[in-house]
file input_15.txt (compact mmCIF, C-alpha atoms)
# COMPACT_ATOMS: atom_id res chain seq x y z
CA MET A 1 -11.03 -26.78 -8.39
CA LYS A 2 -13.68 -26.74 -5.69
CA LYS A 3 -15.10 -23.24 -5.26
CA SER A 4 -18.50 -23.94 -3.71
CA PHE A 5 -18.57 -20.95 -1.37
CA CYS A 6 -21.12 -20.68 1.37
CA ILE A 7 -20.92 -16.91 1.53
CA THR A 8 -23.14 -15.03 3.91
CA VAL A 9 -23.33 -11.40 4.91
CA ALA A 10 -20.75 -10.38 7.48
CA ILE A 11 -22.52 -8.52 10.25
CA ALA A 12 -20.49 -6.40 12.66
CA ALA A 13 -22.42 -5.96 15.89
CA LEU A 14 -20.73 -2.72 16.91
CA ALA A 15 -23.54 -1.80 19.24
CA ALA A 16 -22.52 -4.78 21.34
CA GLY A 17 -18.87 -3.93 20.86
CA GLY A 18 -18.08 -7.20 19.15
CA ALA A 19 -17.00 -8.64 15.84
CA GLN A 20 -19.97 -10.99 15.67
CA ALA A 21 -19.88 -12.34 12.15
CA GLN A 22 -20.85 -15.59 10.54
CA LEU A 23 -18.16 -17.41 8.60
CA VAL A 24 -18.27 -15.99 5.08
CA ILE A 25 -16.78 -19.18 3.64
CA GLU A 26 -17.80 -22.47 5.22
CA LYS A 27 -14.84 -24.28 6.75
CA GLY A 28 -13.55 -26.73 4.18
CA GLY A 29 -15.86 -25.20 1.59
CA ASP A 30 -13.13 -23.77 -0.63
CA ASP A 31 -10.01 -25.81 -1.30
CA ARG A 32 -7.97 -22.69 -2.09
CA ILE A 33 -7.85 -21.94 1.63
CA ASN A 34 -5.26 -23.54 3.90
CA TRP A 35 -7.75 -24.82 6.47
CA LYS A 36 -5.10 -26.92 8.20
CA SER A 37 -3.25 -23.76 9.23
CA LEU A 38 -6.40 -22.66 11.07
CA GLU A 39 -6.88 -26.09 12.66
CA ASP A 40 -3.27 -26.15 13.87
CA PHE A 41 -3.59 -22.60 15.20
CA GLY A 42 -6.79 -23.45 17.06
CA ALA A 43 -5.27 -26.58 18.59
CA ALA A 44 -2.34 -24.54 19.89
CA HIS A 45 -4.61 -21.89 21.46
CA ALA A 46 -7.48 -23.92 22.91
CA ASP A 47 -6.81 -22.32 26.31
CA LEU A 48 -8.21 -18.97 25.10
CA LYS A 49 -11.85 -20.09 25.18
CA GLY A 50 -14.06 -17.58 26.96
CA GLN A 51 -11.47 -14.79 26.89
CA SER A 52 -11.60 -11.65 24.74
CA VAL A 53 -9.47 -9.10 22.91
CA SER A 54 -10.26 -5.49 21.96
CA ILE A 55 -9.19 -4.13 18.56
CA LEU A 56 -9.36 -0.50 17.46
CA ALA A 57 -8.94 0.31 13.77
CA PRO A 58 -9.58 3.05 11.19
CA TRP A 59 -11.68 0.63 9.13
CA MET A 60 -15.35 1.49 8.72
CA GLY A 61 -18.01 0.35 6.27
CA PRO A 62 -16.93 -2.37 3.81
CA ASP A 63 -13.39 -2.62 5.20
CA GLN A 64 -14.81 -3.12 8.69
CA GLU A 65 -17.08 -5.89 7.44
CA LEU A 66 -14.19 -7.56 5.64
CA PHE A 67 -11.92 -7.47 8.68
CA THR A 68 -14.58 -8.68 11.08
CA SER A 69 -15.26 -11.54 8.66
CA ILE A 70 -11.62 -12.59 9.14
CA ALA A 71 -11.75 -12.09 12.92
CA ALA A 72 -14.68 -14.50 13.01
CA TYR A 73 -12.29 -17.33 12.10
CA PHE A 74 -10.07 -16.41 15.05
CA GLU A 75 -13.13 -16.61 17.28
CA ASP A 76 -14.14 -19.93 15.78
CA ALA A 77 -10.66 -21.41 16.16
CA THR A 78 -10.04 -20.27 19.74
CA GLY A 79 -13.41 -19.69 21.38
CA ALA A 80 -12.20 -16.20 22.29
CA LYS A 81 -14.22 -13.08 21.46
CA VAL A 82 -13.02 -10.15 19.33
CA ASN A 83 -14.42 -6.77 20.37
CA TYR A 84 -13.90 -4.52 17.37
CA SER A 85 -14.27 -0.74 17.23
CA GLY A 86 -13.81 1.40 14.14
CA SER A 87 -13.09 5.10 14.29
CA THR A 88 -13.12 7.91 11.74
CA SER A 89 -10.73 9.82 14.01
CA PHE A 90 -8.51 6.85 14.71
CA GLU A 91 -5.16 8.68 14.73
CA GLN A 92 -6.34 11.04 17.45
CA GLN A 93 -8.26 8.43 19.43
CA ILE A 94 -5.41 5.94 19.76
CA VAL A 95 -3.11 8.65 21.11
CA ILE A 96 -5.73 9.91 23.57
CA ASP A 97 -6.57 6.40 24.76
CA SER A 98 -2.89 5.49 25.16
CA GLU A 99 -2.09 8.62 27.14
CA ALA A 100 -5.14 8.02 29.33
CA GLY A 101 -3.94 4.50 30.12
CA SER A 102 -6.92 2.87 28.43
CA PRO A 103 -5.73 1.71 25.02
CA PRO A 104 -7.21 -1.27 23.19
CA ASP A 105 -5.35 -4.57 23.32
CA ILE A 106 -4.53 -4.17 19.61
CA ALA A 107 -4.63 -1.20 17.25
CA VAL A 108 -4.49 -1.33 13.46
CA LEU A 109 -2.01 1.40 12.55
CA PRO A 110 -2.18 2.84 9.01
CA GLN A 111 1.05 4.86 9.28
CA PRO A 112 4.49 3.69 10.43
CA GLY A 113 5.20 7.20 11.71
CA LEU A 114 2.30 6.98 14.15
CA ALA A 115 3.43 3.52 15.24
CA ALA A 116 6.97 4.81 15.80
CA GLU A 117 5.68 7.66 17.97
CA LEU A 118 3.63 5.28 20.10
CA ALA A 119 6.59 2.92 20.47
CA ALA A 120 8.91 5.77 21.51
CA LYS A 121 6.48 6.71 24.28
CA GLY A 122 6.43 3.16 25.58
CA TYR A 123 2.85 2.33 24.62
CA LEU A 124 3.55 -0.55 22.22
CA LYS A 125 4.68 -3.99 23.31
CA ASP A 126 7.74 -5.66 21.77
CA LEU A 127 6.61 -8.43 19.43
CA GLY A 128 9.93 -10.19 19.82
CA ASP A 129 12.84 -11.28 17.66
CA GLN A 130 10.96 -14.43 16.65
CA THR A 131 8.21 -12.40 14.99
CA ALA A 132 10.74 -10.14 13.28
CA GLN A 133 12.53 -13.20 11.90
CA TRP A 134 9.22 -14.75 10.85
CA VAL A 135 8.48 -11.68 8.72
CA ARG A 136 11.95 -11.78 7.17
CA ASP A 137 11.54 -15.46 6.33
CA ASN A 138 7.94 -15.47 5.12
CA TYR A 139 7.33 -12.15 3.36
CA ALA A 140 8.80 -11.32 -0.04
CA ALA A 141 11.32 -8.50 0.50
CA GLY A 142 11.05 -9.59 4.12
CA ASP A 143 13.79 -7.30 5.40
CA SER A 144 11.76 -4.34 4.13
CA TRP A 145 8.63 -5.46 5.95
CA ALA A 146 10.44 -6.25 9.18
CA ALA A 147 12.08 -2.82 9.11
CA LEU A 148 8.67 -1.21 8.54
CA GLY A 149 7.52 -2.45 11.94
CA THR A 150 10.80 -1.84 13.81
CA TYR A 151 11.28 1.33 15.86
CA ALA A 152 13.13 2.68 18.86
CA GLY A 153 11.29 2.01 22.10
CA LYS A 154 11.16 4.23 25.15
CA ASP A 155 14.59 2.93 26.15
CA GLY A 156 15.98 3.76 22.70
CA ALA A 157 16.47 0.12 21.71
CA GLU A 158 15.26 -0.93 18.25
CA LYS A 159 12.62 -3.65 18.41
CA MET A 160 9.77 -4.95 16.30
CA PHE A 161 6.65 -3.27 17.62
CA ALA A 162 4.20 -3.69 14.73
CA PHE A 163 3.17 -6.59 12.52
CA PRO A 164 2.47 -5.81 8.83
CA TYR A 165 -0.77 -7.23 7.42
CA LYS A 166 -2.69 -6.11 4.31
CA ALA A 167 -0.57 -4.26 1.77
CA ASP A 168 -1.40 -1.74 -0.96
CA VAL A 169 0.52 -1.35 -4.24
CA LYS A 170 1.31 2.04 -5.76
CA SER A 171 3.93 1.20 -8.42
CA LEU A 172 1.32 0.68 -11.14
CA VAL A 173 0.73 2.03 -14.65
CA TRP A 174 -2.83 1.71 -16.00
CA TYR A 175 -3.64 1.30 -19.68
CA VAL A 176 -6.32 0.05 -22.10
CA PRO A 177 -5.19 -3.24 -23.72
CA GLU A 178 -7.17 -2.58 -26.91
CA ASN A 179 -5.44 0.79 -27.38
CA PHE A 180 -2.00 -0.80 -26.98
CA GLU A 181 -2.91 -3.61 -29.36
CA ASP A 182 -4.28 -1.27 -32.02
CA ALA A 183 -1.16 0.89 -31.90
CA GLY A 184 1.29 -2.02 -31.69
CA TYR A 185 2.67 -1.01 -28.30
CA GLU A 186 4.14 -3.57 -25.90
CA ILE A 187 4.29 -3.55 -22.12
CA PRO A 188 7.65 -2.06 -21.10
CA GLU A 189 9.89 -4.47 -19.21
CA THR A 190 12.42 -1.90 -17.96
CA TYR A 191 12.42 1.73 -16.96
CA GLU A 192 14.36 2.51 -20.11
CA ASP A 193 11.63 0.78 -22.11
CA LEU A 194 9.02 2.94 -20.39
CA LYS A 195 10.79 6.13 -21.43
CA ALA A 196 11.29 4.81 -24.95
CA LEU A 197 7.58 3.95 -25.18
CA THR A 198 6.73 7.45 -23.99
CA GLU A 199 8.86 8.93 -26.77
CA ARG A 200 7.46 6.54 -29.37
CA ILE A 201 3.84 7.38 -28.56
CA ALA A 202 4.62 11.09 -28.83
CA ALA A 203 6.47 10.51 -32.13
CA ASP A 204 3.34 8.78 -33.42
CA GLY A 205 1.43 12.00 -32.82
CA GLU A 206 -0.35 10.61 -29.77
CA THR A 207 -0.17 11.57 -26.08
CA PRO A 208 1.54 9.09 -23.74
CA TRP A 209 0.31 10.17 -20.29
CA CYS A 210 -2.64 11.50 -18.35
CA ILE A 211 -1.53 13.24 -15.14
CA GLY A 212 -3.69 15.15 -12.67
CA LEU A 213 -2.59 16.68 -9.37
CA ALA A 214 -5.73 18.52 -8.27
CA SER A 215 -7.30 17.21 -5.05
CA GLY A 216 -8.86 20.16 -3.25
CA GLY A 217 -6.84 21.02 -0.17
CA ALA A 218 -4.52 18.08 -0.89
CA THR A 219 -3.62 19.22 -4.41
CA GLY A 220 -0.17 17.99 -5.36
CA TRP A 221 -0.15 14.65 -3.58
CA PRO A 222 -0.22 12.49 -6.78
CA ALA A 223 3.12 14.05 -7.75
CA THR A 224 4.67 12.89 -4.47
CA ASP A 225 3.93 9.28 -5.45
CA TRP A 226 5.64 9.85 -8.81
CA VAL A 227 8.73 11.27 -7.10
CA GLU A 228 8.79 8.43 -4.55
CA ASP A 229 8.67 5.78 -7.28
CA LEU A 230 11.42 7.60 -9.17
CA MET A 231 13.56 7.91 -6.04
CA LEU A 232 13.45 4.11 -5.82
CA ARG A 233 14.48 3.78 -9.49
CA LEU A 234 17.30 6.32 -9.46
CA ASN A 235 18.71 5.73 -5.96
CA THR A 236 19.25 2.99 -3.40
CA PRO A 237 16.65 2.00 -0.80
CA GLU A 238 19.04 3.41 1.80
CA ASP A 239 18.95 6.80 0.06
CA TYR A 240 15.16 6.63 0.06
CA ASP A 241 15.11 5.90 3.80
CA ALA A 242 17.51 8.75 4.49
CA TRP A 243 15.37 11.09 2.40
CA THR A 244 12.20 10.31 4.39
CA THR A 245 13.97 11.29 7.64
CA ASN A 246 15.85 14.26 6.13
CA ALA A 247 19.21 12.60 6.78
CA LEU A 248 19.41 13.08 3.01
CA PRO A 249 18.27 16.71 2.62
CA PHE A 250 15.33 17.36 0.34
CA ASN A 251 17.50 19.56 -1.85
CA ASP A 252 20.24 16.95 -2.23
CA PRO A 253 21.17 16.41 -5.91
CA LYS A 254 19.73 12.86 -5.75
CA VAL A 255 16.30 14.18 -4.79
CA VAL A 256 16.47 17.06 -7.26
CA LYS A 257 17.23 14.54 -10.00
CA ALA A 258 14.11 12.52 -9.10
CA ILE A 259 11.96 15.66 -9.24
CA GLU A 260 13.49 16.58 -12.60
CA GLU A 261 12.74 13.06 -13.82
CA PHE A 262 9.09 13.56 -12.92
CA GLY A 263 9.24 16.80 -14.89
CA TRP A 264 10.50 14.85 -17.92
CA TYR A 265 6.98 13.40 -18.07
CA ALA A 266 4.79 16.11 -16.56
CA LYS A 267 6.38 19.28 -17.97
CA ASN A 268 6.52 18.17 -21.61
CA ASP A 269 3.53 19.36 -23.62
CA ASP A 270 3.96 16.41 -25.98
CA PHE A 271 3.89 13.86 -23.20
CA VAL A 272 0.85 14.82 -21.13
CA ALA A 273 -2.81 15.22 -22.08
CA GLY A 274 -3.88 18.85 -22.03
CA GLY A 275 -0.28 20.01 -21.98
CA ALA A 276 1.97 20.72 -19.02
CA ALA A 277 -0.06 23.76 -17.98
CA SER A 278 -3.08 21.55 -17.20
CA VAL A 279 -1.34 19.08 -14.88
CA ALA A 280 -1.86 21.00 -11.63
CA SER A 281 -5.52 21.77 -12.37
CA ASN A 282 -6.55 18.33 -13.65
CA ASP A 283 -8.48 16.52 -10.92
CA PHE A 284 -6.72 13.26 -10.07
CA ARG A 285 -10.06 11.44 -10.03
CA GLU A 286 -10.94 12.59 -13.54
CA SER A 287 -7.49 12.46 -15.14
CA PRO A 288 -7.57 8.73 -16.06
CA SER A 289 -10.74 9.24 -18.12
CA GLY A 290 -8.52 10.08 -21.10
CA LEU A 291 -7.59 6.41 -21.32
CA PHE A 292 -11.16 5.57 -22.28
CA GLN A 293 -11.84 8.29 -24.84
CA SER A 294 -12.05 7.50 -28.54
CA PRO A 295 -9.53 8.22 -29.87
CA PRO A 296 -7.58 7.94 -26.62
CA ALA A 297 -6.49 11.20 -25.04
CA CYS A 298 -3.63 9.30 -23.43
CA TYR A 299 -2.25 5.77 -23.27
CA MET A 300 -0.91 5.49 -19.70
CA HIS A 301 -1.77 6.67 -16.20
CA ARG A 302 0.41 6.08 -13.14
CA GLN A 303 -1.62 5.64 -9.98
CA ALA A 304 -2.18 3.31 -7.04
CA SER A 305 -4.47 0.30 -6.85
CA PHE A 306 -7.54 2.30 -5.84
CA ILE A 307 -7.87 4.30 -9.07
CA PRO A 308 -10.35 1.96 -10.89
CA SER A 309 -12.96 3.31 -8.46
CA PHE A 310 -12.89 6.44 -10.62
CA PHE A 311 -12.95 4.73 -14.03
CA PRO A 312 -16.11 5.14 -16.13
CA ASP A 313 -19.12 3.09 -15.09
CA GLY A 314 -19.31 -0.27 -16.79
CA THR A 315 -15.60 -0.71 -17.45
CA VAL A 316 -14.43 -4.26 -16.80
CA GLU A 317 -11.07 -5.09 -15.24
CA GLY A 318 -8.83 -7.21 -17.43
CA GLU A 319 -10.84 -6.29 -20.52
CA ASP A 320 -11.44 -2.55 -20.69
CA TYR A 321 -8.38 -1.75 -18.60
CA ASP A 322 -5.32 -3.40 -17.14
CA PHE A 323 -2.06 -2.38 -15.48
CA PHE A 324 1.62 -3.17 -15.42
CA TYR A 325 4.39 -2.74 -12.86
CA PHE A 326 6.17 0.62 -13.03
CA PRO A 327 9.40 -0.99 -14.20
CA ALA A 328 12.87 -0.84 -12.70
CA PRO A 329 16.14 0.03 -14.50
CA ALA A 330 17.52 -2.59 -16.88
CA ASP A 331 20.86 -3.10 -15.13
CA GLY A 332 19.13 -4.76 -12.17
CA SER A 333 21.27 -3.00 -9.59
CA LEU A 334 18.19 -1.68 -7.78
CA GLY A 335 16.24 -4.93 -8.08
CA GLN A 336 12.45 -4.72 -8.28
CA PRO A 337 11.40 -1.93 -5.89
CA VAL A 338 7.73 -1.52 -5.04
CA LEU A 339 6.15 1.57 -3.52
CA GLY A 340 3.03 1.08 -1.47
CA GLY A 341 1.20 1.36 1.79
CA GLY A 342 -0.33 -0.97 4.30
CA THR A 343 -1.50 -1.55 7.82
CA LEU A 344 0.42 -2.57 10.93
CA PHE A 345 -0.95 -4.35 14.00
CA GLY A 346 0.42 -3.09 17.31
CA VAL A 347 -0.12 -4.71 20.72
CA PHE A 348 -0.76 -2.39 23.67
CA SER A 349 -1.41 -4.82 26.53
CA ASP A 350 -0.20 -8.05 28.08
CA ASN A 351 -3.44 -9.79 27.18
CA PRO A 352 -2.39 -13.25 25.88
CA VAL A 353 -5.29 -13.16 23.41
CA ALA A 354 -3.67 -10.15 21.72
CA ARG A 355 -0.45 -12.09 21.24
CA ALA A 356 -2.45 -15.00 19.89
CA PHE A 357 -4.15 -12.74 17.37
CA ILE A 358 -0.74 -11.78 15.95
CA GLU A 359 0.01 -15.50 15.64
CA PHE A 360 -3.33 -15.92 13.86
CA LEU A 361 -2.23 -13.31 11.29
CA LYS A 362 0.76 -15.53 10.51
CA THR A 363 -1.50 -18.32 9.22
CA PRO A 364 -1.93 -18.50 5.43
CA ALA A 365 -5.69 -18.78 5.97
CA ALA A 366 -5.90 -15.38 7.67
CA HIS A 367 -4.64 -13.91 4.38
CA GLU A 368 -6.39 -16.23 1.94
CA LEU A 369 -9.84 -15.69 3.48
CA TRP A 370 -9.58 -11.94 2.79
CA MET A 371 -7.93 -12.54 -0.61
CA ALA A 372 -10.99 -14.59 -1.60
CA GLN A 373 -13.24 -11.58 -0.97
CA SER A 374 -11.87 -8.20 -2.13
CA GLY A 375 -9.47 -5.37 -1.45
CA PHE A 376 -6.55 -7.37 -0.07
CA THR A 377 -3.03 -8.09 -1.26
CA THR A 378 -0.19 -9.63 0.71
CA PRO A 379 3.56 -10.26 0.44
CA TYR A 380 3.17 -13.58 2.32
CA THR A 381 4.96 -16.13 0.13
CA ALA A 382 3.06 -19.16 1.53
CA VAL A 383 -0.40 -18.09 0.40
CA ASN A 384 -2.24 -19.80 -2.44
CA MET A 385 -2.30 -17.20 -5.24
CA ASP A 386 -5.41 -18.87 -6.67
CA ALA A 387 -7.30 -17.61 -3.63
CA TYR A 388 -7.46 -14.07 -5.01
CA ALA A 389 -10.99 -13.07 -5.96
CA SER A 390 -9.92 -11.47 -9.24
CA GLU A 391 -7.08 -11.58 -11.73
CA THR A 392 -6.39 -7.91 -11.00
CA GLN A 393 -5.86 -8.63 -7.30
CA ARG A 394 -3.75 -11.67 -8.13
CA LYS A 395 -1.47 -9.64 -10.41
CA MET A 396 -1.01 -7.01 -7.71
CA GLY A 397 -0.20 -9.75 -5.25
CA GLN A 398 2.38 -11.12 -7.68
CA ILE A 399 4.04 -7.70 -7.89
CA LEU A 400 4.47 -7.84 -4.11
CA LEU A 401 5.91 -11.36 -4.32
CA ASP A 402 8.34 -10.32 -7.06
CA ALA A 403 9.53 -7.27 -5.11
CA THR A 404 13.09 -7.23 -3.85
CA THR A 405 12.45 -4.00 -1.94
CA PHE A 406 9.23 -2.58 -0.52
CA ARG A 407 9.03 0.97 0.69
CA PHE A 408 6.13 2.77 2.33
CA ASP A 409 4.77 5.96 0.81
CA GLY A 410 7.51 8.48 1.60
CA SER A 411 5.32 11.53 2.17
CA ASP A 412 3.43 9.57 4.86
CA LEU A 413 6.71 8.93 6.65
CA MET A 414 7.66 12.62 6.71
CA PRO A 415 6.42 15.19 9.23
CA GLY A 416 2.95 16.38 8.29
CA SER A 417 4.04 19.93 7.48
CA VAL A 418 6.44 18.46 4.91
CA GLY A 419 4.85 15.29 3.54
CA ALA A 420 1.30 16.66 3.60
CA GLY A 421 2.24 20.29 3.11
CA ALA A 422 5.42 21.65 1.58
CA PHE A 423 5.97 18.57 -0.60
CA TRP A 424 2.48 18.95 -2.10
CA THR A 425 2.78 22.68 -2.77
CA GLY A 426 6.36 22.29 -3.97
CA MET A 427 5.26 19.88 -6.67
CA VAL A 428 2.50 22.25 -7.78
CA ASP A 429 5.08 25.06 -8.00
CA PHE A 430 7.38 22.76 -9.97
CA VAL A 431 4.85 21.80 -12.64
CA GLY A 432 3.83 25.45 -12.73
CA GLY A 433 7.29 26.52 -13.83
CA ALA A 434 9.63 26.50 -10.82
CA SER A 435 12.89 24.62 -11.20
CA ALA A 436 13.37 21.33 -9.38
CA GLN A 437 16.15 22.93 -7.36
CA ASP A 438 14.00 25.86 -6.27
CA ALA A 439 11.10 23.58 -5.34
CA ALA A 440 13.42 21.28 -3.37
CA ASP A 441 15.06 24.25 -1.61
CA ARG A 442 11.68 25.54 -0.43
CA ILE A 443 10.66 22.12 0.87
CA GLN A 444 13.96 21.80 2.70
CA GLN A 445 13.43 25.21 4.29
CA THR A 446 10.17 23.93 5.79
CA TRP A 447 11.93 20.85 7.14
CA ALA A 448 14.69 23.01 8.60
CA THR A 449 12.15 24.90 10.71
CA LEU A 450 11.31 21.63 12.48
CA LYS A 451 14.84 21.05 13.72
call {"tool": "encode", "arguments": {"input": "input_15.txt", "output": "structure tokens"}}
result
Amino acid sequence: MKKSFCITVAIAALAAGGAQAQLVIEKGGDDRINWKSLEDFGAAHADLKGQSVSILAPWMGPDQELFTSIAAYFEDATGAKVNYSGSTSFEQQIVIDSEAGSPPDIAVLPQPGLAAELAAKGYLKDLGDQTAQWVRDNYAAGDSWAALGTYAGKDGAEKMFAFPYKADVKSLVWYVPENFEDAGYEIPETYEDLKALTERIAADGETPWCIGLASGGATGWPATDWVEDLMLRLNTPEDYDAWTTNALPFNDPKVVKAIEEFGWYAKNDDFVAGGAASVASNDFRESPSGLFQSPPACYMHRQASFIPSFFPDGTVEGEDYDFFYFPAPADGSLGQPVLGGGTLFGVFSDNPVARAFIEFLKTPAAHELWMAQSGFTTPYTAVNMDAYASETQRKMGQILLDATTFRFDGSDLMPGSVGAGAFWTGMVDFVGGASAQDAADRIQQTWATLK
């Protein structure tokens, strides 16, 4: 396979307000990329030469460089200019700019809740039924992704206002292959297998899990991800959706059961490193270190795709550590649900270049060119999976392709005082000794004050 990259440094000329970047991979220089999709896109949008589009995003640093490296291919294909701005206070800035009547042409929205608020106020442009159907047809679990970008507009009508691009996976369990091999443990294929493995490791006199909830002022948030994954494995996607809007109350028996299920792992001294009393005080960044101790302090750690950033220096992906999908129940009734996050592109103006940029994001190349670098996974079924820069990224991408349901991080969909407040503290209270019912009742009381 031809992989003769001509990779250069992507330079974002923010001082000039533009995404001025050289092509990180020479056109035609890597046969994993669908170059024809770019050629066809450029031929269909040759009339954009000399025009421009403004894009505001929360991406700074490496993520900014990666995105502007992709935008450079849009510029090359169309002759149009991308003026990119990154902001560390993006959520506030996009609201202020929209209310002032001076929004960017496109904004990269990290939270569906923020996108929904902007749509309800009439700031976002309808992307059309054709785009909604394209997402359903071309993304794995396409209905889930189309729904993620669909909200009520100012007139109350449900329309697709945001295009999903760049996904993150949270339904992951990290482990050390050598530890599993030495102990004779196998990767669990079902949720029942995962619980059985947990019990087996404990019966062997070892500790199955490392869990840490401490995160400064955000202490408790790792537990919300556990509960969200368990909600998707004990209940239907519709129940999950109702829960994130409080149509299903937080203290409903279905939610209480999911919290209790988290407690099955976290509140059992035999199941968690340091015992149940340490869970709330263990820093989430340090908690996976037990995987790498000798002998291991734990065998599994459930966390999102970013966690290797906190693994010990020198550990090698695929060798010193690996991961598996947090499995679904054996009966298959709930399919293969995946919890995650992602970004959504919203259009704020009638600038035809903005519409064209959304069309650009539908090309396989717009995904593959980022896949070939780092930090990108996609549910787009037409991409070449060989384009991923690492086996780790490819496996995460495969989890997205195998998903029958995708759901966004639930706490991020809830009002801030709940999802980034009462839910966090409620989980700390729960692991500290409160019952699941009491914790859920307190969280529901906070939600009730918002109504």
call {"tool": "closest_residue", "arguments": {"input": "input_15.txt", "among": "A:Phe163, A:Tyr84, A:Trp226, A:Phe310", "to": "Glu260 in chain A", "atoms": "all atoms listed in the file"}}
result
A:Trp226
call {"tool": "residues_around", "arguments": {"input": "input_15.txt", "residues": "Asp229 in chain A", "least_positions_apart": "2", "cutoff": "8 Å", "atoms": "all atoms listed in the file", "output": "ChimeraX atom specification"}}
result
/A:171,225-227,231-233,338-339
call {"tool": "residues_around", "arguments": {"input": "input_15.txt", "residues": "Thr377 in chain A", "least_positions_apart": "2", "cutoff": "6 Å", "atoms": "all atoms listed in the file", "output": "NGL selection string"}}
result
:A and (166-167 or 397)
call {"tool": "closest_residue", "arguments": {"input": "input_15.txt", "among": "A:Leu124, A:Ala141, A:Ala434, A:Ala57", "to": "Thr88 in chain A", "atoms": "only C-alpha atoms"}}
result
A:Ala57
call {"tool": "residues_around", "arguments": {"input": "input_15.txt", "residues": "Tyr151 in chain A", "least_positions_apart": "3", "cutoff": "10 Å", "atoms": "all atoms listed in the file", "output": "list in words"}}
result
Pro112, Gly113, Ala115, Ala116, Glu117, Leu118, Ala119, Ala120, Asp126, Ala147, Leu148, Lys154, Gly156, Ala157, Glu158, Lys159, Met160, Phe161 and Ala162 of chain A
call {"tool": "closest_residue", "arguments": {"input": "input_15.txt", "among": "A:Asn268, A:Thr78, A:Ser411, A:Asn384", "to": "Val431 in chain A", "atoms": "all atoms listed in the file"}}
result
A:Asn268
call {"tool": "atom_distance", "arguments": {"input": "input_15.txt", "atom1": "CA of Asp193 in chain A", "atom2": "CA of Asp283 in chain A"}}
result
27.9 Å
call {"tool": "closest_residue", "arguments": {"input": "input_15.txt", "among": "A:Ala183, A:Ala72, A:Val82, A:Ala218", "to": "Asp204 in chain A", "atoms": "only C-alpha atoms"}}
result
A:Ala183
call {"tool": "atom_distance", "arguments": {"input": "input_15.txt", "atom1": "CA of Tyr185 in chain A", "atom2": "CA of Tyr299 in chain A"}}
result
9.8 Å
call {"tool": "closest_residue", "arguments": {"input": "input_15.txt", "among": "A:Met300, A:Val108, A:Ala242, A:Leu213", "to": "Trp174 in chain A", "atoms": "only C-alpha atoms"}}
result
A:Met300
call {"tool": "residues_around", "arguments": {"input": "input_15.txt", "residues": "Pro327 in chain A", "least_positions_apart": "5", "cutoff": "8 Å", "atoms": "only C-alpha atoms", "output": "MDAnalysis selection string"}}
result
chainID A and resid 188:191 194 336
call {"tool": "atom_distance", "arguments": {"input": "input_15.txt", "atom1": "CA of Met414 in chain A", "atom2": "CA of Gln111 in chain A"}}
result
10.5 Å
